[in-house]
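The structure appears right after this line, and notes come after that.
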2 protein chains.
Amino acid sequence: MSNTEEIRALLTERVAALGRRDATAANAILDDDLVAFEVSGSLQVSSAQARGVASTQLWLDSFEEGPNISMEELTIVDGGTAAFCHSINHLQGRRHDGQAVDVRMRSSLGFCKRDGHWKIVHAHTSFPR
Amino acid sequence: MSNTEEIRALLTERVAALGRRDATAANAILDDDLVAFEVSGSLQVSSAQARGVASTQLWLDSFEEGPNISMEELTIVDGGTAAFCHSINHLQGRRHDGQAVDVRMRSSLGFCKRDGHWKIVHAHTSFPR
């Protein structure tokens, strides 16, 4: 597989893991030194926070249906030992309180190849202000 | 110069160009195929919009002092033929109406080397919601 194909496969696996609410599998692709710019909260969060399975699981468990994530307009740019991608992520689902979720947000990810495996070292997710 | 040094120099040039309100010089580093996720407005903007010197100049000309931009915590990850960086951008200045501007936002940039020159092909700028 080419680097681009490997990264596309990893993203497909991550989205599938989130869809079955498996935080451990979803976060396995996140690097130890991840720098994350999250949708809400502080400007940036530490690697420990961003990689924390407990908080990801808490978010996933708030869904009754989903979350189903579709990475629309996904573009992967491979540089050899590092790569990045950007997409519009369509998030759909239903919370336990019945509230429907159907939003599109912007996602940019940075990857490094560590010991032959691609890891996410940077994640930026946002809505326009 | 290493790729990382070249990219750092380009970013320094771009910030300096913005500081002297020279939209043409500032936007010269933007690739023809730029995909931009801007702070406000629509989810993504076309390359033509994002690279438009007129709209950048209009924004720059709204400042009486500045804009002074400092790229804090800048991390550049070089992959060889592509690279990315992330930073917290501290924007300071004063508008013609006297309003002070002093904000920090998140910036992620994706680069490709085209004919030996680094260009920004992806830009994502945001505040947390």
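Going through the structure tokens in order, the chains are called A, B, and so on, while each chain numbers its residues from 1 and the ligands are numbered from 1 in the order shown.
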
* From a DSSP pass on the backbone, collect the residues of region 11-108 of chain A flagged as strand (DSSP E or B) and hand them back as number ranges by chain. => A: 30-37, 45, 63-78, 80, 82-95, 100-108

Reference chain A, mobile chain B, all Cα atoms fitted, written as a PDB file with C-alpha atoms, in the first residue's frame:
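Written output follows (superposed.pdb):
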ATOM      1  CA  MET B   1      -0.001   0.006  -0.009  1.00  0.00           C
ATOM      2  CA  SER B   2       1.132   3.550  -0.669  1.00  0.00           C
ATOM      3  CA  ASN B   3       1.387   5.978   2.240  1.00  0.00           C
ATOM      4  CA  THR B   4      -1.824   7.639   1.084  1.00  0.00           C
ATOM      5  CA  GLU B   5      -3.625   4.301   1.016  1.00  0.00           C
ATOM      6  CA  GLU B   6      -2.275   3.415   4.482  1.00  0.00           C
ATOM      7  CA  ILE B   7      -3.491   6.719   5.912  1.00  0.00           C
ATOM      8  CA  ARG B   8      -6.877   6.389   4.234  1.00  0.00           C
ATOM      9  CA  ALA B   9      -7.224   2.881   5.725  1.00  0.00           C
ATOM     10  CA  LEU B  10      -6.295   4.169   9.195  1.00  0.00           C
ATOM     11  CA  LEU B  11      -8.879   6.936   8.974  1.00  0.00           C
ATOM     12  CA  THR B  12     -11.514   4.425   7.853  1.00  0.00           C
ATOM     13  CA  GLU B  13     -10.613   2.229  10.845  1.00  0.00           C
ATOM     14  CA  ARG B  14     -10.782   5.178  13.230  1.00  0.00           C
ATOM     15  CA  VAL B  15     -14.200   6.282  11.967  1.00  0.00           C
ATOM     16  CA  ALA B  16     -15.461   2.690  12.241  1.00  0.00           C
ATOM     17  CA  ALA B  17     -14.112   2.433  15.812  1.00  0.00           C
ATOM     18  CA  LEU B  18     -15.877   5.680  16.769  1.00  0.00           C
ATOM     19  CA  GLY B  19     -19.064   4.379  15.152  1.00  0.00           C
ATOM     20  CA  ARG B  20     -19.031   1.270  17.362  1.00  0.00           C
ATOM     21  CA  ARG B  21     -18.105   3.484  20.362  1.00  0.00           C
ATOM     22  CA  ASP B  22     -14.708   1.864  20.892  1.00  0.00           C
ATOM     23  CA  ALA B  23     -12.547   4.696  22.248  1.00  0.00           C
ATOM     24  CA  THR B  24      -9.501   2.462  22.784  1.00  0.00           C
ATOM     25  CA  ALA B  25      -9.352   1.420  19.128  1.00  0.00           C
ATOM     26  CA  ALA B  26     -10.205   4.928  17.900  1.00  0.00           C
ATOM     27  CA  ASN B  27      -7.426   6.575  19.921  1.00  0.00           C
ATOM     28  CA  ALA B  28      -4.783   3.935  19.110  1.00  0.00           C
ATOM     29  CA  ILE B  29      -3.743   5.960  16.047  1.00  0.00           C
ATOM     30  CA  LEU B  30      -3.007   9.064  18.175  1.00  0.00           C
ATOM     31  CA  ASP B  31       0.672   9.756  18.835  1.00  0.00           C
ATOM     32  CA  ASP B  32       2.107  10.176  22.341  1.00  0.00           C
ATOM     33  CA  ASP B  33       3.100  13.727  21.403  1.00  0.00           C
ATOM     34  CA  LEU B  34      -0.203  14.780  19.840  1.00  0.00           C
ATOM     35  CA  VAL B  35      -0.944  18.505  19.849  1.00  0.00           C
ATOM     36  CA  ALA B  36      -4.712  18.986  19.541  1.00  0.00           C
ATOM     37  CA  PHE B  37      -6.766  22.065  18.733  1.00  0.00           C
ATOM     38  CA  GLU B  38     -10.256  20.905  19.715  1.00  0.00           C
ATOM     39  CA  VAL B  39     -13.688  22.188  18.652  1.00  0.00           C
ATOM     40  CA  SER B  40     -14.378  23.782  22.047  1.00  0.00           C
ATOM     41  CA  GLY B  41     -12.642  24.530  25.323  1.00  0.00           C
ATOM     42  CA  SER B  42      -9.110  25.865  25.571  1.00  0.00           C
ATOM     43  CA  LEU B  43      -6.942  26.952  22.615  1.00  0.00           C
ATOM     44  CA  GLN B  44      -5.009  23.694  22.696  1.00  0.00           C
ATOM     45  CA  VAL B  45      -5.108  20.596  24.847  1.00  0.00           C
ATOM     46  CA  SER B  46      -2.272  18.427  26.064  1.00  0.00           C
ATOM     47  CA  SER B  47      -1.517  15.081  24.537  1.00  0.00           C
ATOM     48  CA  ALA B  48      -2.682  13.317  27.706  1.00  0.00           C
ATOM     49  CA  GLN B  49      -6.071  15.045  27.503  1.00  0.00           C
ATOM     50  CA  ALA B  50      -6.498  14.567  23.752  1.00  0.00           C
ATOM     51  CA  ARG B  51      -5.483  10.914  23.868  1.00  0.00           C
ATOM     52  CA  GLY B  52      -7.464  10.098  27.009  1.00  0.00           C
ATOM     53  CA  VAL B  53      -9.639   7.067  26.315  1.00  0.00           C
ATOM     54  CA  ALA B  54     -11.926   7.863  29.272  1.00  0.00           C
ATOM     55  CA  SER B  55     -13.050  11.241  27.928  1.00  0.00           C
ATOM     56  CA  THR B  56     -13.450   9.889  24.372  1.00  0.00           C
ATOM     57  CA  GLN B  57     -15.515   7.000  25.762  1.00  0.00           C
ATOM     58  CA  LEU B  58     -17.672   9.422  27.770  1.00  0.00           C
ATOM     59  CA  TRP B  59     -18.416  11.373  24.587  1.00  0.00           C
ATOM     60  CA  LEU B  60     -19.116   8.205  22.566  1.00  0.00           C
ATOM     61  CA  ASP B  61     -21.414   6.872  25.307  1.00  0.00           C
ATOM     62  CA  SER B  62     -23.533  10.034  25.099  1.00  0.00           C
ATOM     63  CA  PHE B  63     -24.897   8.658  21.795  1.00  0.00           C
ATOM     64  CA  GLU B  64     -27.941   6.384  21.545  1.00  0.00           C
ATOM     65  CA  GLU B  65     -27.384   6.064  17.757  1.00  0.00           C
ATOM     66  CA  GLY B  66     -24.023   6.714  16.120  1.00  0.00           C
ATOM     67  CA  PRO B  67     -21.885   8.721  16.019  1.00  0.00           C
ATOM     68  CA  ASN B  68     -21.666   8.189  12.283  1.00  0.00           C
ATOM     69  CA  ILE B  69     -18.838  10.214  10.826  1.00  0.00           C
ATOM     70  CA  SER B  70     -18.292  10.766   7.128  1.00  0.00           C
ATOM     71  CA  MET B  71     -15.048  12.440   6.045  1.00  0.00           C
ATOM     72  CA  GLU B  72     -16.206  14.444   3.042  1.00  0.00           C
ATOM     73  CA  GLU B  73     -13.827  16.008   0.502  1.00  0.00           C
ATOM     74  CA  LEU B  74     -10.924  14.151   2.123  1.00  0.00           C
ATOM     75  CA  THR B  75      -7.563  15.193   0.690  1.00  0.00           C
ATOM     76  CA  ILE B  76      -4.399  13.398   1.814  1.00  0.00           C
ATOM     77  CA  VAL B  77      -1.006  14.944   1.020  1.00  0.00           C
ATOM     78  CA  ASP B  78       1.914  12.549   1.518  1.00  0.00           C
ATOM     79  CA  GLY B  79       5.403  13.928   2.024  1.00  0.00           C
ATOM     80  CA  GLY B  80       7.214  10.648   2.600  1.00  0.00           C
ATOM     81  CA  THR B  81       7.901  10.582   6.341  1.00  0.00           C
ATOM     82  CA  ALA B  82       5.161  13.053   7.253  1.00  0.00           C
ATOM     83  CA  ALA B  83       1.747  13.731   5.749  1.00  0.00           C
ATOM     84  CA  PHE B  84      -1.364  15.758   6.358  1.00  0.00           C
ATOM     85  CA  CYS B  85      -5.016  15.615   5.392  1.00  0.00           C
ATOM     86  CA  HIS B  86      -8.056  17.831   5.508  1.00  0.00           C
ATOM     87  CA  SER B  87     -11.753  17.090   5.266  1.00  0.00           C
ATOM     88  CA  ILE B  88     -15.226  18.282   6.143  1.00  0.00           C
ATOM     89  CA  ASN B  89     -16.444  15.845   8.778  1.00  0.00           C
ATOM     90  CA  HIS B  90     -20.165  15.148   8.778  1.00  0.00           C
ATOM     91  CA  LEU B  91     -21.213  13.948  12.233  1.00  0.00           C
ATOM     92  CA  GLN B  92     -24.622  12.385  12.670  1.00  0.00           C
ATOM     93  CA  GLY B  93     -26.308  10.590  15.525  1.00  0.00           C
ATOM     94  CA  ARG B  94     -28.848  10.784  18.309  1.00  0.00           C
ATOM     95  CA  ARG B  95     -28.155  11.414  21.974  1.00  0.00           C
ATOM     96  CA  HIS B  96     -29.746   9.458  24.816  1.00  0.00           C
ATOM     97  CA  ASP B  97     -32.045  12.421  25.466  1.00  0.00           C
ATOM     98  CA  GLY B  98     -33.385  12.103  21.899  1.00  0.00           C
ATOM     99  CA  GLN B  99     -31.488  15.115  20.544  1.00  0.00           C
ATOM    100  CA  ALA B 100     -30.470  14.646  16.910  1.00  0.00           C
ATOM    101  CA  VAL B 101     -26.905  15.589  15.959  1.00  0.00           C
ATOM    102  CA  ASP B 102     -26.234  16.534  12.342  1.00  0.00           C
ATOM    103  CA  VAL B 103     -23.311  18.908  11.898  1.00  0.00           C
ATOM    104  CA  ARG B 104     -20.380  19.493   9.584  1.00  0.00           C
ATOM    105  CA  MET B 105     -17.012  20.642  10.943  1.00  0.00           C
ATOM    106  CA  ARG B 106     -13.539  21.178   9.498  1.00  0.00           C
ATOM    107  CA  SER B 107     -10.755  18.705  10.266  1.00  0.00           C
ATOM    108  CA  SER B 108      -7.016  18.964   9.576  1.00  0.00           C
ATOM    109  CA  LEU B 109      -4.692  16.169  10.679  1.00  0.00           C
ATOM    110  CA  GLY B 110      -0.905  15.893  10.672  1.00  0.00           C
ATOM    111  CA  PHE B 111       0.789  12.470  10.534  1.00  0.00           C
ATOM    112  CA  CYS B 112       4.278  11.104  11.193  1.00  0.00           C
ATOM    113  CA  LYS B 113       5.571   7.652  10.362  1.00  0.00           C
ATOM    114  CA  ARG B 114       6.936   6.062  13.554  1.00  0.00           C
ATOM    115  CA  ASP B 115       8.660   2.662  13.240  1.00  0.00           C
ATOM    116  CA  GLY B 116       6.761   2.026  10.012  1.00  0.00           C
ATOM    117  CA  HIS B 117       3.367   3.052  11.404  1.00  0.00           C
ATOM    118  CA  TRP B 118       1.493   6.279  10.728  1.00  0.00           C
ATOM    119  CA  LYS B 119       0.377   8.210  13.803  1.00  0.00           C
ATOM    120  CA  ILE B 120      -1.643  11.406  14.186  1.00  0.00           C
ATOM    121  CA  VAL B 121       0.664  14.014  15.763  1.00  0.00           C
ATOM    122  CA  HIS B 122      -1.587  17.028  15.178  1.00  0.00           C
ATOM    123  CA  ALA B 123      -5.369  17.423  15.056  1.00  0.00           C
ATOM    124  CA  HIS B 124      -7.291  20.628  14.436  1.00  0.00           C
ATOM    125  CA  THR B 125     -11.098  20.522  14.452  1.00  0.00           C
ATOM    126  CA  SER B 126     -13.340  23.574  14.294  1.00  0.00           C
ATOM    127  CA  PHE B 127     -16.481  25.353  13.236  1.00  0.00           C
ATOM    128  CA  PRO B 128     -16.234  28.793  11.669  1.00  0.00           C
ATOM    129  CA  ARG B 129     -16.908  31.463  14.292  1.00  0.00           C
TER     130      ARG B 129
END

* Using backbone DSSP assignments, extract all alpha helix (DSSP H) residues from chain B; output them as an NGL selection string. => :B and (3-19 or 23-27 or 47-51 or 53-60)
